[in-house]
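S.K.: Below you'll find work-v1.pdb; it's PDB, C-alpha atoms.
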```pdb
ATOM      1  CA  MET A   1      17.388 -10.376  15.903
ATOM      2  CA  THR A   2      18.699 -13.481  14.159
ATOM      3  CA  ALA A   3      19.681 -13.824  10.531
ATOM      4  CA  ASP A   4      16.547 -15.930   9.959
ATOM      5  CA  ASP A   5      14.387 -13.063  11.284
ATOM      6  CA  SER A   6      16.077 -10.613   8.919
ATOM      7  CA  PHE A   7      15.672 -12.838   5.864
ATOM      8  CA  GLY A   8      12.007 -13.437   6.717
ATOM      9  CA  ARG A   9      11.399  -9.703   6.394
ATOM     10  CA  LEU A  10      12.559  -9.721   2.780
ATOM     11  CA  ASP A  11       9.169 -11.143   1.795
ATOM     12  CA  ASP A  12       7.156  -8.861   4.104
ATOM     13  CA  ASP A  13       5.324  -6.237   2.008
ATOM     14  CA  ASP A  14       4.638  -4.183   5.137
ATOM     15  CA  TYR A  15       8.200  -4.034   6.475
ATOM     16  CA  PRO A  16       9.474  -0.425   6.255
ATOM     17  CA  ALA A  17      12.727  -1.241   4.493
ATOM     18  CA  TYR A  18      13.245   1.801   2.273
ATOM     19  CA  THR A  19      14.531   5.241   3.161
ATOM     20  CA  MET A  20      12.881   8.268   1.611
ATOM     21  CA  GLY A  21      15.781   8.771  -0.778
ATOM     22  CA  ARG A  22      15.764   5.145  -1.927
ATOM     23  CA  ALA A  23      11.956   5.116  -2.224
ATOM     24  CA  ALA A  24      11.984   8.270  -4.371
ATOM     25  CA  GLU A  25      14.730   6.794  -6.540
ATOM     26  CA  MET A  26      12.798   3.527  -7.003
ATOM     27  CA  LEU A  27       9.653   5.436  -8.005
ATOM     28  CA  GLY A  28      11.530   7.854 -10.240
ATOM     29  CA  THR A  29      10.142  10.806  -8.317
ATOM     30  CA  THR A  30      11.238  13.352  -5.753
ATOM     31  CA  GLN A  31      11.255  13.242  -1.989
ATOM     32  CA  GLY A  32       8.813  16.153  -2.141
ATOM     33  CA  PHE A  33       6.326  13.914  -3.945
ATOM     34  CA  LEU A  34       6.576  11.350  -1.141
ATOM     35  CA  ARG A  35       6.056  14.087   1.432
ATOM     36  CA  ALA A  36       3.005  15.311  -0.507
ATOM     37  CA  VAL A  37       1.352  11.874  -0.627
ATOM     38  CA  GLY A  38       2.044  11.600   3.087
ATOM     39  CA  GLU A  39       0.430  14.987   3.736
ATOM     40  CA  ALA A  40      -2.569  13.864   1.658
ATOM     41  CA  ARG A  41      -2.725  10.826   3.989
ATOM     42  CA  LEU A  42      -2.377   8.345   1.165
ATOM     43  CA  ILE A  43       0.501   6.638   2.961
ATOM     44  CA  THR A  44       1.973   7.123   6.400
ATOM     45  CA  PRO A  45       5.602   6.068   6.525
ATOM     46  CA  LEU A  46       6.985   4.645   9.729
ATOM     47  CA  ARG A  47       9.848   6.453  11.382
ATOM     48  CA  SER A  48      13.247   5.067  12.251
ATOM     49  CA  GLU A  49      14.643   5.602  15.732
ATOM     50  CA  GLY A  50      16.365   8.678  14.307
ATOM     51  CA  GLY A  51      13.065  10.049  13.001
ATOM     52  CA  HIS A  52      13.670   9.295   9.313
ATOM     53  CA  ARG A  53      10.792   8.178   7.109
ATOM     54  CA  ARG A  54      10.804   4.496   6.125
ATOM     55  CA  TYR A  55       8.571   3.003   3.430
ATOM     56  CA  SER A  56       7.330  -0.529   2.776
ATOM     57  CA  ARG A  57       6.926  -2.184  -0.608
ATOM     58  CA  TYR A  58       3.147  -1.947  -0.209
ATOM     59  CA  GLN A  59       3.394   1.814   0.389
ATOM     60  CA  LEU A  60       5.639   2.181  -2.651
ATOM     61  CA  ARG A  61       3.073   0.412  -4.853
ATOM     62  CA  ILE A  62       0.370   2.794  -3.579
ATOM     63  CA  ALA A  63       2.598   5.828  -4.180
ATOM     64  CA  ALA A  64       3.474   4.520  -7.664
ATOM     65  CA  ARG A  65      -0.237   4.385  -8.564
ATOM     66  CA  ALA A  66      -0.667   7.990  -7.407
ATOM     67  CA  ARG A  67       2.401   8.936  -9.441
ATOM     68  CA  GLU A  68       0.809   7.407 -12.572
ATOM     69  CA  LEU A  69      -2.280   9.570 -12.084
ATOM     70  CA  VAL A  70      -0.239  12.711 -11.431
ATOM     71  CA  ASP A  71       1.819  12.016 -14.555
ATOM     72  CA  GLN A  72      -1.484  11.899 -16.489
ATOM     73  CA  GLY A  73      -2.350  15.388 -15.247
ATOM     74  CA  THR A  74      -4.424  14.623 -12.145
ATOM     75  CA  PRO A  75      -3.761  17.007  -9.231
ATOM     76  CA  ILE A  76      -1.951  15.216  -6.419
ATOM     77  CA  GLU A  77      -4.777  15.604  -3.886
ATOM     78  CA  ALA A  78      -7.277  14.117  -6.370
ATOM     79  CA  ALA A  79      -4.853  11.342  -7.313
ATOM     80  CA  CYS A  80      -4.476  10.392  -3.658
ATOM     81  CA  ARG A  81      -8.245  10.349  -3.178
ATOM     82  CA  ILE A  82      -8.703   8.184  -6.281
ATOM     83  CA  VAL A  83      -6.120   5.683  -5.040
ATOM     84  CA  ILE A  84      -7.777   5.563  -1.605
ATOM     85  CA  LEU A  85     -11.171   4.914  -3.217
ATOM     86  CA  GLU A  86      -9.700   2.251  -5.519
ATOM     87  CA  ASP A  87      -8.179   0.522  -2.484
ATOM     88  CA  GLN A  88     -11.492   0.664  -0.593
ATOM     89  CA  LEU A  89     -13.361  -0.745  -3.598
ATOM     90  CA  GLU A  90     -10.875  -3.586  -3.962
ATOM     91  CA  GLU A  91     -11.261  -4.452  -0.274
ATOM     92  CA  ALA A  92     -15.089  -4.354  -0.519
ATOM     93  CA  GLN A  93     -14.981  -6.636  -3.554
ATOM     94  CA  ARG A  94     -12.697  -9.066  -1.704
ATOM     95  CA  ILE A  95     -15.062  -9.137   1.290
ATOM     96  CA  ASN A  96     -18.063  -9.632  -1.027
ATOM     97  CA  ALA A  97     -16.352 -12.551  -2.764
ATOM     98  CA  GLU A  98     -15.583 -14.162   0.613
ATOM     99  CA  TYR A  99     -19.183 -13.657   1.702
ATOM    100  CA  ARG A 100     -20.485 -15.236  -1.522
ATOM    101  CA  ARG A 101     -18.169 -18.234  -1.151
ATOM    102  CA  GLY A 102     -19.370 -18.671   2.428
ATOM    103  CA  SER A 103     -23.026 -18.399   1.426
ATOM    104  CA  GLU A 104     -22.607 -20.866  -1.438
ATOM    105  CA  SER A 105     -20.912 -23.480   0.741
ATOM    106  CA  GLU A 106     -23.548 -22.957   3.462
ATOM    107  CA  ASN A 107     -26.335 -23.441   0.885
ATOM    108  CA  ARG A 108     -24.706 -26.670  -0.375
ATOM    109  CA  THR A 109     -24.506 -27.975   3.189
ATOM    110  CA  THR A 110     -28.156 -27.229   4.024
ATOM    111  CA  THR A 111     -29.613 -28.362   0.685
ATOM    112  CA  GLY A 112     -27.342 -31.342   0.039
TER     113      GLY A 112
END
```
Could you render the structure as structure tokens?

M.R.:
Amino acid sequence: MTADDSFGRLDDDDYPAYTMGRAAEMLGTTQGFLRAVGEARLITPLRSEGGHRRYSRYQLRIAARARELVDQGTPIEAACRIVILEDQLEEAQRINAEYRRGSESENRTTTG
């Protein structure tokens, strides 16, 4: 791997750059919380060659949202389900918007 390859990963939201300890520290939570959101299948950390969990920035944002809900009194399993549903809704809305843009440009082409 070259230095350019390594620096390119700094902007990659999906690159598993953070150890469990560092991830927990960044989120202000415990390693147990990260294990729990993994068991609830909210996030699935990648594993290093040594078998250690590694988290991406995207996964940390997802875990941080679950942490907000838990801090508000939501049970962790429910918080994870809410975050999953929010993510699915956001994706469906993005797809809908793309579909609408495609339909609008197609209508302009056929009617113009």

S.K.: Determine the nearest neighbour of Gly38 in chain A from the options A:Leu60, A:Gly50, A:Glu104, A:Glu25, counting all atoms listed in the file.

M.R.: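 The answer is A:Leu60, which sits nearest to Gly38 in chain A.
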
S.K.: Write out, as a tab-separated table, each residue of range 40-68 of chain A that has an atom at most 7 Å from range 78-98 of chain A, together with the closest pair of atoms and their distance in Å to one decimal, counting only C-alpha atoms, rows going by chain and rising number.

M.R.:
```
residue	atom	partner	partner_atom	distance
A:Ala40	CA	A:Cys80	CA	6.6
A:Leu42	CA	A:Cys80	CA	5.6
A:Arg65	CA	A:Val83	CA	7.0
A:Ala66	CA	A:Ala79	CA	5.4
```

S.K.: Starting from 4 Å padding per side, set up an axis-aligned box that covers all listed atoms of range 64-74 of chain A and hand over centre and edge lengths in Å, one decimal, as AutoDock Vina command-line options.

M.R.:
```
--center_x -0.5 --center_y 9.9 --center_z -11.9 --size_x 15.9 --size_y 19.0 --size_z 17.1
```

S.K.: Selection in question (the file shown): the PyMOL selection byres ((chain A and resi 16) around 12). Which residues does it include, as a ChimeraX atom specification?

M.R.: /A:9-15,17-20,22-23,43-48,52-60

S.K.: Report, in Å to a single decimal, how far apart CA of Ala36 in chain A and CA of Pro75 in chain A are.

M.R.: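 Between these atoms lies a distance of 11.2 Å.
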
S.K.: Between CA of Glu77 in chain A and CA of Val37 in chain A, what is the distance, to one decimal in Å?

M.R.: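 Here the two named atoms are 7.9 Å from each other.
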
S.K.: Running the PyMOL selection byres ((chain A and resi 67) around 10) on this model by hand, what would come out? Give it as a PDB file with C-alpha atoms, in the coordinates of the input.

M.R.:
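part.pdb, written as the output of this step:
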```pdb
ATOM      1  CA  LEU A  27       9.653   5.436  -8.005  1.00  0.00           C
ATOM      2  CA  GLY A  28      11.530   7.854 -10.240  1.00  0.00           C
ATOM      3  CA  THR A  29      10.142  10.806  -8.317  1.00  0.00           C
ATOM      4  CA  PHE A  33       6.326  13.914  -3.945  1.00  0.00           C
ATOM      5  CA  LEU A  34       6.576  11.350  -1.141  1.00  0.00           C
ATOM      6  CA  VAL A  37       1.352  11.874  -0.627  1.00  0.00           C
ATOM      7  CA  ARG A  61       3.073   0.412  -4.853  1.00  0.00           C
ATOM      8  CA  ILE A  62       0.370   2.794  -3.579  1.00  0.00           C
ATOM      9  CA  ALA A  63       2.598   5.828  -4.180  1.00  0.00           C
ATOM     10  CA  ALA A  64       3.474   4.520  -7.664  1.00  0.00           C
ATOM     11  CA  ARG A  65      -0.237   4.385  -8.564  1.00  0.00           C
ATOM     12  CA  ALA A  66      -0.667   7.990  -7.407  1.00  0.00           C
ATOM     13  CA  GLU A  68       0.809   7.407 -12.572  1.00  0.00           C
ATOM     14  CA  LEU A  69      -2.280   9.570 -12.084  1.00  0.00           C
ATOM     15  CA  VAL A  70      -0.239  12.711 -11.431  1.00  0.00           C
ATOM     16  CA  ASP A  71       1.819  12.016 -14.555  1.00  0.00           C
ATOM     17  CA  GLN A  72      -1.484  11.899 -16.489  1.00  0.00           C
ATOM     18  CA  GLY A  73      -2.350  15.388 -15.247  1.00  0.00           C
ATOM     19  CA  THR A  74      -4.424  14.623 -12.145  1.00  0.00           C
ATOM     20  CA  ILE A  76      -1.951  15.216  -6.419  1.00  0.00           C
ATOM     21  CA  ALA A  79      -4.853  11.342  -7.313  1.00  0.00           C
ATOM     22  CA  CYS A  80      -4.476  10.392  -3.658  1.00  0.00           C
TER      23      CYS A  80
END
```
